[in-house]
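Peer 1: Coordinates in final-v1.txt, compact mmCIF, C-alpha atoms and all ligand atoms, are listed below.
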# COMPACT_ATOMS: atom_id res chain seq x y z
CA MET A 1 199.35 132.35 115.36
CA LEU A 2 198.95 128.93 113.80
CA SER A 3 197.05 128.36 110.55
CA ARG A 4 196.11 124.78 109.71
CA PRO A 5 193.72 123.28 107.15
CA HIS A 6 191.14 122.77 109.95
CA GLY A 7 191.35 126.31 111.40
CA THR A 8 193.43 128.91 113.17
CA VAL A 9 194.57 129.44 116.74
CA ARG A 10 195.78 132.84 117.85
CA GLY A 11 197.14 133.87 121.23
CA GLU A 12 196.06 137.46 122.00
CA GLY A 13 197.53 139.61 124.79
CA VAL A 14 200.30 138.48 127.10
CA VAL A 15 199.41 137.48 130.67
CA ARG A 16 202.74 135.86 131.36
CA SER A 17 205.81 135.10 129.29
CA PHE A 18 208.12 132.10 129.74
CA THR A 19 211.61 131.39 128.41
CA ASP A 20 211.87 128.22 130.52
CA VAL A 21 209.84 125.38 129.05
CA ASP A 22 209.57 123.41 132.30
CA GLU A 23 208.32 126.48 134.16
CA ALA A 24 205.66 127.04 131.51
CA SER A 25 204.59 123.41 131.59
CA ALA A 26 204.37 123.42 135.40
CA ALA A 27 202.33 126.66 135.42
CA LEU A 28 199.83 125.14 132.99
CA ARG A 29 199.51 121.91 134.95
CA ALA A 30 199.07 123.85 138.22
CA GLY A 31 196.27 125.90 136.66
CA GLU A 32 198.22 129.17 137.11
CA VAL A 33 197.74 129.92 133.41
CA ALA A 34 194.83 128.87 131.18
CA SER A 35 196.77 128.24 127.98
CA LEU A 36 200.16 128.53 126.31
CA THR A 37 201.25 129.39 122.78
CA GLY A 38 204.62 129.87 121.17
CA ALA A 39 207.84 128.15 120.22
CA ILE A 40 210.17 125.59 121.81
CA PRO A 41 213.80 125.61 120.63
CA PHE A 42 215.60 122.60 119.12
CA ASP A 43 217.66 122.30 122.30
CA VAL A 44 215.21 122.65 125.21
CA ARG A 45 217.98 124.08 127.39
CA ASP A 46 217.96 127.17 125.14
CA PRO A 47 215.39 129.92 125.81
CA ALA A 48 211.85 129.19 124.66
CA ALA A 49 209.32 131.82 123.55
CA LEU A 50 206.08 130.78 125.22
CA ILE A 51 203.30 133.04 126.40
CA ALA A 52 200.15 132.58 128.42
CA PRO A 53 197.82 134.69 126.26
CA ALA A 54 194.91 136.70 127.61
CA ARG A 55 192.71 134.93 125.04
CA LEU A 56 193.18 131.88 122.87
CA ARG A 57 191.13 132.80 119.81
CA THR A 58 190.20 129.98 117.48
CA GLY A 59 188.81 130.23 113.95
CA GLU A 60 187.07 127.56 111.89
CA ALA A 61 188.96 128.27 108.66
CA PRO A 62 192.67 128.58 107.88
CA LEU A 63 194.21 131.92 106.93
CA PRO A 64 193.16 132.61 103.34
CA GLY A 65 196.70 133.69 102.54
CA THR A 66 197.96 135.91 99.73
CA GLY A 67 200.18 135.54 96.71
CA PRO A 68 203.94 135.75 97.08
CA LEU A 69 205.65 138.99 98.06
CA SER A 70 208.06 140.63 95.64
CA ARG A 71 211.24 141.13 97.62
CA ARG A 72 214.77 140.83 96.32
CA ALA A 73 217.76 139.64 98.32
CA ILE A 74 220.52 142.24 98.34
CA SER A 75 222.79 139.98 100.38
CA THR A 76 222.86 136.19 100.74
CA VAL A 77 225.22 134.24 102.99
CA LEU A 78 225.04 130.43 103.16
CA HIS A 79 226.15 128.48 106.25
CA PRO A 80 227.84 126.37 105.04
CA GLY A 81 228.51 126.64 101.29
CA ALA A 82 227.88 123.73 98.92
CA ASP A 83 231.29 122.04 99.21
CA GLU A 84 231.30 122.15 102.99
CA HIS A 85 227.76 120.75 103.19
CA ARG A 86 228.69 117.81 100.93
CA GLU A 87 231.76 117.18 103.10
CA ARG A 88 229.65 117.24 106.26
CA VAL A 89 227.26 114.71 104.74
CA ALA A 90 230.14 112.46 103.65
CA HIS A 91 231.57 112.63 107.15
CA ALA A 92 228.19 111.81 108.71
CA ILE A 93 227.92 108.76 106.44
CA LYS A 94 231.32 107.60 107.76
CA ARG A 95 230.06 107.94 111.33
CA ILE A 96 226.99 105.90 110.39
CA VAL A 97 229.07 103.16 108.72
CA ALA A 98 231.32 103.12 111.81
CA GLY A 99 228.21 102.44 113.90
CA ASP A 100 228.36 105.68 115.96
CA VAL A 101 224.88 106.79 114.89
CA GLY A 102 222.04 105.36 112.76
CA LYS A 103 220.66 108.58 111.29
CA VAL A 104 221.54 112.25 111.68
CA VAL A 105 219.79 115.27 110.18
CA LEU A 106 222.15 117.95 108.87
CA ALA A 107 220.90 121.41 108.03
CA ARG A 108 222.14 124.59 106.38
CA SER A 109 221.05 128.12 107.07
CA VAL A 110 220.86 131.13 104.80
CA ASP A 111 221.10 134.73 105.96
CA LEU A 112 219.31 137.16 103.68
CA VAL A 113 219.04 140.92 103.63
CA LEU A 114 215.99 142.10 101.69
CA ASP A 115 215.76 145.21 99.53
CA GLU A 116 212.60 146.23 101.36
CA GLU A 117 211.09 145.58 104.76
CA VAL A 118 208.59 142.74 105.25
CA ARG A 119 206.10 142.80 108.13
CA PRO A 120 205.58 139.53 110.02
CA ASP A 121 201.83 139.52 109.21
CA GLU A 122 202.33 139.89 105.45
CA PHE A 123 205.09 137.26 105.54
CA ILE A 124 202.73 134.83 107.35
CA ASP A 125 199.94 135.56 104.84
CA ALA A 126 202.27 134.87 101.90
CA LEU A 127 203.41 131.62 103.52
CA ALA A 128 199.77 130.56 104.10
CA GLY A 129 198.94 131.32 100.46
CA GLY A 130 201.88 129.26 99.22
CA ASN A 131 200.53 125.80 100.12
CA ALA A 132 197.24 124.04 99.52
CA GLY A 133 196.69 123.31 103.23
CA HIS A 134 197.23 126.98 104.17
CA ASN A 135 199.70 125.88 106.81
CA ALA A 136 201.52 128.83 108.36
CA PHE A 137 202.70 130.10 111.70
CA GLY A 138 204.11 133.22 113.28
CA VAL A 139 205.50 133.58 116.79
CA ASP A 140 206.91 136.68 118.46
CA VAL A 141 210.17 135.22 119.78
CA GLY A 142 211.45 138.55 121.06
CA ALA A 143 211.62 137.35 124.68
CA ALA A 144 214.20 134.74 123.64
CA THR A 145 216.11 136.29 120.74
CA GLY A 146 215.76 140.06 121.04
CA SER A 147 212.84 142.45 120.91
CA GLY A 148 210.93 142.54 117.65
CA THR A 149 212.16 139.18 116.33
CA TRP A 150 209.60 136.86 114.72
CA LEU A 151 209.67 133.21 113.80
CA VAL A 152 207.51 132.54 110.75
CA GLY A 153 207.04 129.48 108.59
CA ALA A 154 204.84 127.03 106.74
CA SER A 155 205.56 123.68 108.31
CA PRO A 156 203.60 120.79 106.86
CA GLU A 157 204.67 118.43 109.65
CA VAL A 158 202.51 117.80 112.72
CA LEU A 159 204.58 116.75 115.72
CA LEU A 160 201.38 115.93 117.58
CA ARG A 161 197.74 116.82 118.07
CA LYS A 162 196.08 115.98 121.36
CA SER A 163 192.34 116.02 121.97
CA GLY A 164 191.00 114.35 125.13
CA SER A 165 192.76 111.01 125.37
CA THR A 166 193.62 110.82 121.66
CA VAL A 167 197.07 111.69 120.35
CA THR A 168 197.85 111.81 116.64
CA CYS A 169 201.26 112.33 115.03
CA HIS A 170 201.97 112.84 111.36
CA PRO A 171 205.70 112.49 110.78
CA TYR A 172 207.42 113.25 107.47
CA ALA A 173 210.81 111.88 106.46
CA GLY A 174 212.05 111.00 103.01
CA SER A 175 211.83 113.82 100.47
CA ALA A 176 211.97 114.57 96.76
CA ALA A 177 211.58 117.76 94.72
CA ARG A 178 208.25 118.55 93.04
CA SER A 179 208.36 119.21 89.30
CA ALA A 180 206.24 121.51 87.12
CA ASP A 181 206.10 118.67 84.57
CA PRO A 182 203.28 116.33 85.72
CA ALA A 183 204.93 113.20 84.29
CA VAL A 184 208.25 113.96 85.98
CA ASP A 185 206.43 114.90 89.20
CA ARG A 186 204.57 111.56 89.27
CA ALA A 187 207.68 109.54 88.43
CA THR A 188 209.63 111.28 91.23
CA ALA A 189 206.87 110.50 93.71
CA ASP A 190 206.73 106.83 92.66
CA GLU A 191 210.51 106.60 92.98
CA LEU A 192 210.38 108.09 96.48
CA LEU A 193 207.76 105.58 97.61
CA ALA A 194 209.94 102.71 96.34
CA SER A 195 213.28 104.08 97.61
CA ALA A 196 214.87 101.73 100.18
CA LYS A 197 217.08 104.61 101.40
CA ASP A 198 214.07 106.89 102.03
CA LEU A 199 211.97 104.14 103.59
CA ALA A 200 214.84 103.43 106.01
CA GLU A 201 215.14 107.16 106.76
CA HIS A 202 211.40 107.27 107.46
CA ALA A 203 211.37 104.17 109.67
CA PHE A 204 213.74 105.81 112.19
CA VAL A 205 211.07 108.43 112.87
CA VAL A 206 208.13 106.04 113.18
CA ASP A 207 210.14 103.73 115.47
CA HIS A 208 211.07 106.68 117.72
CA LEU A 209 207.46 107.87 117.95
CA ARG A 210 206.15 104.38 118.73
CA GLU A 211 208.73 104.01 121.49
CA ARG A 212 208.12 107.44 123.05
CA LEU A 213 204.33 107.23 122.74
CA GLY A 214 204.52 103.81 124.40
CA LEU A 215 205.70 105.51 127.60
CA LEU A 216 202.34 107.27 128.01
CA CYS A 217 199.91 105.62 125.60
CA ASP A 218 198.15 102.38 124.76
CA ASP A 219 196.75 101.19 121.43
CA ILE A 220 199.42 102.76 119.25
CA ASP A 221 198.29 102.44 115.68
CA ALA A 222 200.80 103.10 112.88
CA PRO A 223 200.56 101.64 109.38
CA SER A 224 203.59 99.57 108.42
CA GLU A 225 204.12 101.48 105.14
CA PRO A 226 204.26 105.27 104.69
CA LYS A 227 202.23 107.13 102.07
CA LEU A 228 203.05 110.04 99.77
CA GLU A 229 202.12 113.62 100.65
CA SER A 230 203.26 116.87 99.12
CA THR A 231 203.68 120.58 99.63
CA GLY A 232 204.07 122.94 96.66
CA GLU A 233 207.81 122.30 96.63
CA VAL A 234 208.41 118.86 98.16
CA TRP A 235 207.17 115.26 98.09
CA HIS A 236 207.34 113.49 101.44
CA LEU A 237 206.84 110.06 102.91
CA ALA A 238 204.26 110.37 105.71
CA THR A 239 202.79 108.07 108.37
CA PRO A 240 199.63 108.92 110.30
CA ILE A 241 199.93 107.59 113.88
CA ARG A 242 197.19 107.43 116.51
CA ALA A 243 197.43 106.47 120.18
CA THR A 244 195.37 106.64 123.38
CA LEU A 245 196.76 108.38 126.44
CA ARG A 246 196.59 106.45 129.69
CA ASP A 247 196.20 109.79 131.50
CA PRO A 248 194.13 112.25 129.40
CA ALA A 249 195.39 115.12 131.60
CA THR A 250 198.84 114.82 129.97
CA THR A 251 199.28 118.12 128.14
CA ALA A 252 200.08 118.63 124.48
CA LEU A 253 203.12 120.66 125.59
CA ASP A 254 204.46 117.76 127.66
CA LEU A 255 203.89 115.47 124.70
CA ALA A 256 205.83 117.89 122.46
CA LEU A 257 208.75 117.71 124.92
CA LEU A 258 208.55 113.92 125.08
CA LEU A 259 208.30 113.32 121.33
CA GLY A 260 210.53 116.05 119.86
CA PRO A 261 212.97 116.62 118.37
CA THR A 262 212.19 113.43 116.43
CA PRO A 263 214.65 111.73 114.06
CA ALA A 264 212.94 113.70 111.26
CA VAL A 265 215.01 116.69 112.40
CA CYS A 266 217.59 115.21 114.82
CA GLY A 267 218.46 111.52 114.48
CA THR A 268 218.90 108.16 116.18
CA PRO A 269 220.04 107.70 118.88
CA SER A 270 218.71 111.16 119.75
CA ASP A 271 221.49 112.13 122.16
CA VAL A 272 224.33 111.13 119.82
CA ALA A 273 222.68 112.82 116.83
CA ALA A 274 222.02 116.01 118.84
CA GLN A 275 225.69 116.14 119.86
CA ILE A 276 226.85 115.70 116.24
CA ILE A 277 224.49 118.49 115.17
CA ARG A 278 225.77 120.79 117.92
CA ASP A 279 229.40 120.09 116.97
CA VAL A 280 228.85 120.48 113.23
CA GLU A 281 226.20 123.20 112.95
CA GLY A 282 226.32 125.04 116.27
CA ASP A 283 223.14 126.51 117.72
CA ARG A 284 219.92 125.92 115.73
CA GLY A 285 217.81 128.28 117.80
CA PHE A 286 214.13 127.64 117.10
CA TYR A 287 214.69 125.73 113.85
CA ALA A 288 213.72 122.04 114.25
CA GLY A 289 211.99 122.72 117.57
CA ALA A 290 208.19 122.98 117.81
CA VAL A 291 205.53 125.70 117.50
CA GLY A 292 201.99 125.42 118.72
CA TRP A 293 199.50 125.81 121.52
CA CYS A 294 197.98 124.03 124.48
CA ASP A 295 194.80 124.83 126.43
CA ALA A 296 193.75 124.28 130.06
CA ALA A 297 192.48 120.76 129.27
CA GLY A 298 195.92 119.94 127.85
CA ASP A 299 194.54 119.78 124.31
CA GLY A 300 196.57 121.35 121.57
CA GLU A 301 198.67 121.01 118.47
CA TRP A 302 202.43 121.35 117.87
CA MET A 303 204.14 121.54 114.50
CA VAL A 304 207.77 120.69 113.76
CA THR A 305 209.52 124.04 113.18
CA ILE A 306 210.71 123.60 109.60
CA ARG A 307 210.28 125.60 106.34
CA CYS A 308 210.70 128.65 108.53
CA ALA A 309 212.64 131.85 109.01
CA GLU A 310 213.60 134.12 111.85
CA LEU A 311 212.91 137.71 110.89
CA ALA A 312 214.91 140.40 112.66
CA ALA A 313 213.34 143.55 114.14
CA ASP A 314 214.50 145.59 111.11
CA GLY A 315 212.13 143.53 108.91
CA ARG A 316 214.89 143.17 106.31
CA SER A 317 217.31 140.62 107.81
CA LEU A 318 216.28 137.03 108.11
CA ARG A 319 217.70 133.56 108.56
CA THR A 320 216.08 130.50 107.03
CA TRP A 321 217.09 126.83 107.30
CA ALA A 322 216.72 123.50 105.56
CA GLY A 323 218.02 120.08 106.41
CA GLY A 324 217.71 116.46 105.48
CA GLY A 325 218.13 113.09 107.11
CA ILE A 326 221.42 111.32 106.46
CA VAL A 327 221.46 107.52 106.50
CA GLU A 328 224.00 104.96 105.32
CA HIS A 329 222.98 105.14 101.65
CA SER A 330 222.61 108.92 101.39
CA ASP A 331 224.39 110.76 98.59
CA PRO A 332 226.13 114.10 99.43
CA GLN A 333 225.10 115.82 96.18
CA ALA A 334 221.47 114.70 96.52
CA GLU A 335 221.44 115.94 100.12
CA LEU A 336 222.74 119.32 99.00
CA GLU A 337 219.96 119.53 96.40
CA GLU A 338 217.39 118.52 99.03
CA THR A 339 218.30 121.52 101.17
CA ALA A 340 217.90 123.75 98.10
CA PHE A 341 214.37 122.59 97.25
CA LYS A 342 213.27 122.73 100.89
CA LEU A 343 214.51 126.34 101.13
CA ARG A 344 212.07 127.22 98.32
CA THR A 345 209.07 127.31 100.70
CA VAL A 346 210.32 130.48 102.38
CA LEU A 347 212.02 131.92 99.28
CA ASN A 348 208.86 131.48 97.16
CA ALA A 349 206.77 133.31 99.77
CA LEU A 350 209.18 136.24 99.57
CA GLY A 351 209.21 136.12 95.76
CA ILE A 352 212.94 135.36 95.58
CA ALA A 353 213.60 133.18 92.54
CA GLU A 354 217.18 132.04 92.89
CA LEU A 355 219.94 131.82 95.45
CA PRO A 356 223.45 132.45 94.19
C1 LIG B 1 214.70 118.96 108.29
C2 LIG B 1 213.75 119.31 107.43
O1 LIG B 1 212.73 118.49 107.05
C3 LIG B 1 212.56 117.23 107.68
C4 LIG B 1 213.39 116.19 107.06
C5 LIG B 1 212.91 115.41 106.03
C6 LIG B 1 213.81 114.45 105.29
O2 LIG B 1 214.98 114.31 105.67
O3 LIG B 1 213.39 113.88 104.27
C7 LIG B 1 211.55 115.49 105.66
C8 LIG B 1 210.69 116.28 106.34
C9 LIG B 1 211.09 116.92 107.59
O4 LIG B 1 210.79 116.07 108.65
C10 LIG B 1 213.69 120.68 106.85
O5 LIG B 1 212.77 120.96 106.06
O6 LIG B 1 214.55 121.50 107.18
What does the file become when written as structure tokens?
Ligand SMILES: C=C(O[C@@H]1C=C(C(=O)O)C=C[C@H]1O)C(=O)O

Peer 2:
Amino acid sequence: MLSRPHGTVRGEGVVRSFTDVDEASAALRAGEVASLTGAIPFDVRDPAALIAPARLRTGEAPLPGTGPLSRRAISTVLHPGADEHRERVAHAIKRIVAGDVGKVVLARSVDLVLDEEVRPDEFIDALAGGNAGHNAFGVDVGAATGSGTWLVGASPEVLLRKSGSTVTCHPYAGSAARSADPAVDRATADELLASAKDLAEHAFVVDHLRERLGLLCDDIDAPSEPKLESTGEVWHLATPIRATLRDPATTALDLALLLGPTPAVCGTPSDVAAQIIRDVEGDRGFYAGAVGWCDAAGDGEWMVTIRCAELAADGRSLRTWAGGGIVEHSDPQAELEETAFKLRTVLNALGIAELP
């Protein structure tokens, strides 16, 4: 299920299930299945959770959403802790200065055990109610990670939308915390828009998308300067990009595989950054991959899998993640704080006020 400001898409019933992305993509192109929904992992060699649903049900309005839940965390384990994350960032900056990599996105995860069970549907509703755009998603990832496991989240970031021959992307990179004080909130946003460090961080993503889109598209239109957009918790730099496919039969799933993981969640060059992430963080699973859908015409929409959690079958254990792009002028303490305010999307939906 994907909830977006312009409507919902829900895959109902399972005709066929795929853990291999290429197999799923080939089945769609061959007309063996009429549509696909689900999640692609960060590393496409890992198992995906894609299904060909019996019906792809669309709705005109987003999920209305609900208020936050009222769970408490009875156990919290951070991977890694604050000191280790700052050290990782400092080390990444050294690699950047040495010229090994231009940008790399480092993330932390948090394992929580809740005092009371949460059902995937109520979690998704709380996530949808927590942001003005009613963005939310939920995917049964049991085929990849164990029966009963769900991936839920409220990603604000569109990897791509494809309709006919038109492709649009809406990358985010460059972040600052929202504030309850309107004056502080405005000043933070203005600072973000003028920050050379954040503009550089953002440009890596736009450059990557232009280059990859250029392989399949003409008329790539991307403004030279990003604009400000926000969620309830975070300010972002954003760039709307539009391009025209040379072959309109190219599917949204194939585009997701071509474009992602972008330097918003991985880095530049992609292969070097992905290797650093694997060495430093280990397996990311579905975090920083993509969730979405694709129909028989190849139309569809894929979101970057961020501001998300993987909920275990017991309904009480979950893992959530947050990361940030590291560039030459990043500051380890600021990067640590960035992971904390990005984690708030999931924590706020659960009603958890503070992490230890
Ligand atoms: C990696 C995350 O977010 C991404 C990284 C951003 C950044 O570094 O500024 C901004 C938005 C996202 O593209 C995350 O939320 O975990």

Peer 1: So the first atom is CA of Thr166 in chain A and the second is CA of Gly13 in chain A; what is the distance between them in Å, to one decimal place?

Peer 2: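 Going from CA of Thr166 in chain A over to CA of Gly13 in chain A covers 29.2 Å.
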
Peer 1: Using only C-alpha atoms and all ligand atoms, which residues of the polymer chains come no farther than 6 Å from ligand LIG 1 (chain B)? I'd like the answer as a ChimeraX atom specification.

Peer 2: /A:172-175,264-265,306-307,321-325,342

Peer 1: In Å, rounded to a single decimal, give me how far CA of Thr231 in chain A is from CA of Thr76 in chain A.

Peer 2: 24.8 Å

Peer 1: Mind checking which residues fall within 8 Å of Asp331 in chain A, counting all atoms listed in the file, ignoring those fewer than 2 positions away in the same chain, and posting them as a ChimeraX atom specification?

Peer 2: /A:89-90,329,333-335

Peer 1: Which residues of range 228-310 of chain A have any atom within 9 Å of an atom in range 179-187 of chain A when counting all atoms listed in the file, and what is the closest pair of atoms for each, with the distance in Å to one decimal? Order the rows by chain and rising number and write it as JSON lines.

Peer 2:
{"residue": "A:Glu233", "atom": "CA", "partner": "A:Ser179", "partner_atom": "CA", "distance": 8.0}
{"residue": "A:Val234", "atom": "CA", "partner": "A:Ser179", "partner_atom": "CA", "distance": 8.9}
{"residue": "A:Trp235", "atom": "CA", "partner": "A:Asp185", "partner_atom": "CA", "distance": 8.9}

Peer 1: In Å to one decimal, how far is CA of Glu328 in chain A from CA of Gly99 in chain A?

Peer 2: 9.9 Å

Peer 1: Using all atoms listed in the file, which of the listed residues (A:Asn135, A:Ser165, A:Ser195, A:Thr305) sits closest to Arg242 in chain A?

Peer 2: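 For Arg242 in chain A, the nearest of the given residues is A:Ser165.
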
Peer 1: Kindly indicate which residue among A:Gly164, A:Gly289, A:Gly153, A:Pro64 lies nearest to Ala252 in chain A, using all atoms listed in the file for the distances.

Peer 2: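 For Ala252 in chain A, the nearest of the candidates is A:Gly164.
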
Peer 1: Nearest to Val44 in chain A: which of A:Glu60, A:Asp283, A:Asp20, A:Glu301 is it, counting all atoms listed in the file?

Peer 2: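 Of all the options, A:Asp20 lies closest to Val44 in chain A.
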
Peer 1: Which of these, A:Arg29, A:Lys103, A:Arg108, A:His236, has the shortest distance to Cys266 in chain A once you count all atoms listed in the file?

Peer 2: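 Smallest separation from Cys266 in chain A among the options: A:Lys103.
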
Peer 1: Considering all atoms listed in the file, state which residue in the set A:Leu159, A:Thr8, A:Ile276, A:Ala136 is at the smallest distance from Ala61 in chain A.

Peer 2: A:Thr8

Peer 1: Considering all atoms listed in the file, state which residue in the set A:Gly260, A:Gly300, A:Pro248, A:Pro156 is at the smallest distance from Gly133 in chain A.

Peer 2: A:Pro156

Peer 1: May I have the residues within 12 Å of Thr262 in chain A as a ChimeraX atom specification, using all atoms listed in the file and disregarding those fewer than 3 positions away in the same chain?

Peer 2: /A:42-43,103-105,157-160,169-173,201-213,255-259,265-271,273-274,288-290,303-305,325

Peer 1: Tell me, as a CSV table (one decimal) with C-alpha atoms, keeping the file's coordinate frame, which residues lie within 8 Å of Leu336 in chain A, counting all atoms listed in the file; anything in the same chain fewer than 6 positions away does not count.

Peer 2:
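The resulting file, out.csv, is shown below:
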chain,number,residue,atom,x,y,z
A,82,ALA,CA,227.9,123.7,98.9
A,85,HIS,CA,227.8,120.8,103.2
A,86,ARG,CA,228.7,117.8,100.9

Peer 1: Give the centre and edge lengths of an axis-aligned box, in Å to one decimal, that holds all listed atoms of range 260-267 of chain A with 5 Å on each side, as JSON.

Peer 2:
{"center_x": 214.5, "center_y": 114.1, "center_z": 115.6, "size_x": 17.9, "size_y": 15.2, "size_z": 18.6}

Peer 1: Just want the 8 Å neighbourhood of range 220-226 of chain A, counted on only C-alpha atoms, with same-chain residues fewer than 2 positions away dropped. Output as a compact mmCIF listing (two decimals) with C-alpha atoms, keeping the file's coordinate frame.

Peer 2:
# COMPACT_ATOMS: atom_id res chain seq x y z
CA LEU A 193 207.76 105.58 97.61
CA LEU A 199 211.97 104.14 103.59
CA HIS A 202 211.40 107.27 107.46
CA VAL A 206 208.13 106.04 113.18
CA ARG A 210 206.15 104.38 118.73
CA LEU A 213 204.33 107.23 122.74
CA GLY A 214 204.52 103.81 124.40
CA CYS A 217 199.91 105.62 125.60
CA ASP A 218 198.15 102.38 124.76
CA LEU A 228 203.05 110.04 99.77
CA LEU A 237 206.84 110.06 102.91
CA ALA A 238 204.26 110.37 105.71
CA THR A 239 202.79 108.07 108.37
CA PRO A 240 199.63 108.92 110.30
CA ILE A 241 199.93 107.59 113.88
CA ARG A 242 197.19 107.43 116.51
CA ALA A 243 197.43 106.47 120.18
CA THR A 244 195.37 106.64 123.38

Peer 1: Give me the residues within 10 Å of Ala132 in chain A as an mmCIF file with C-alpha atoms, in the frame of the given file, counting all atoms listed in the file and dropping any in the same chain fewer than 4 places off.

Peer 2:
data_model
loop_
_atom_site.group_PDB
_atom_site.id
_atom_site.type_symbol
_atom_site.label_atom_id
_atom_site.label_comp_id
_atom_site.auth_asym_id
_atom_site.auth_seq_id
_atom_site.Cartn_x
_atom_site.Cartn_y
_atom_site.Cartn_z
ATOM 1 C CA PRO A 5 193.720 123.280 107.150
ATOM 2 C CA ALA A 128 199.770 130.560 104.100
ATOM 3 C CA SER A 230 203.260 116.870 99.120
ATOM 4 C CA THR A 231 203.680 120.580 99.630
ATOM 5 C CA GLY A 232 204.070 122.940 96.660
#
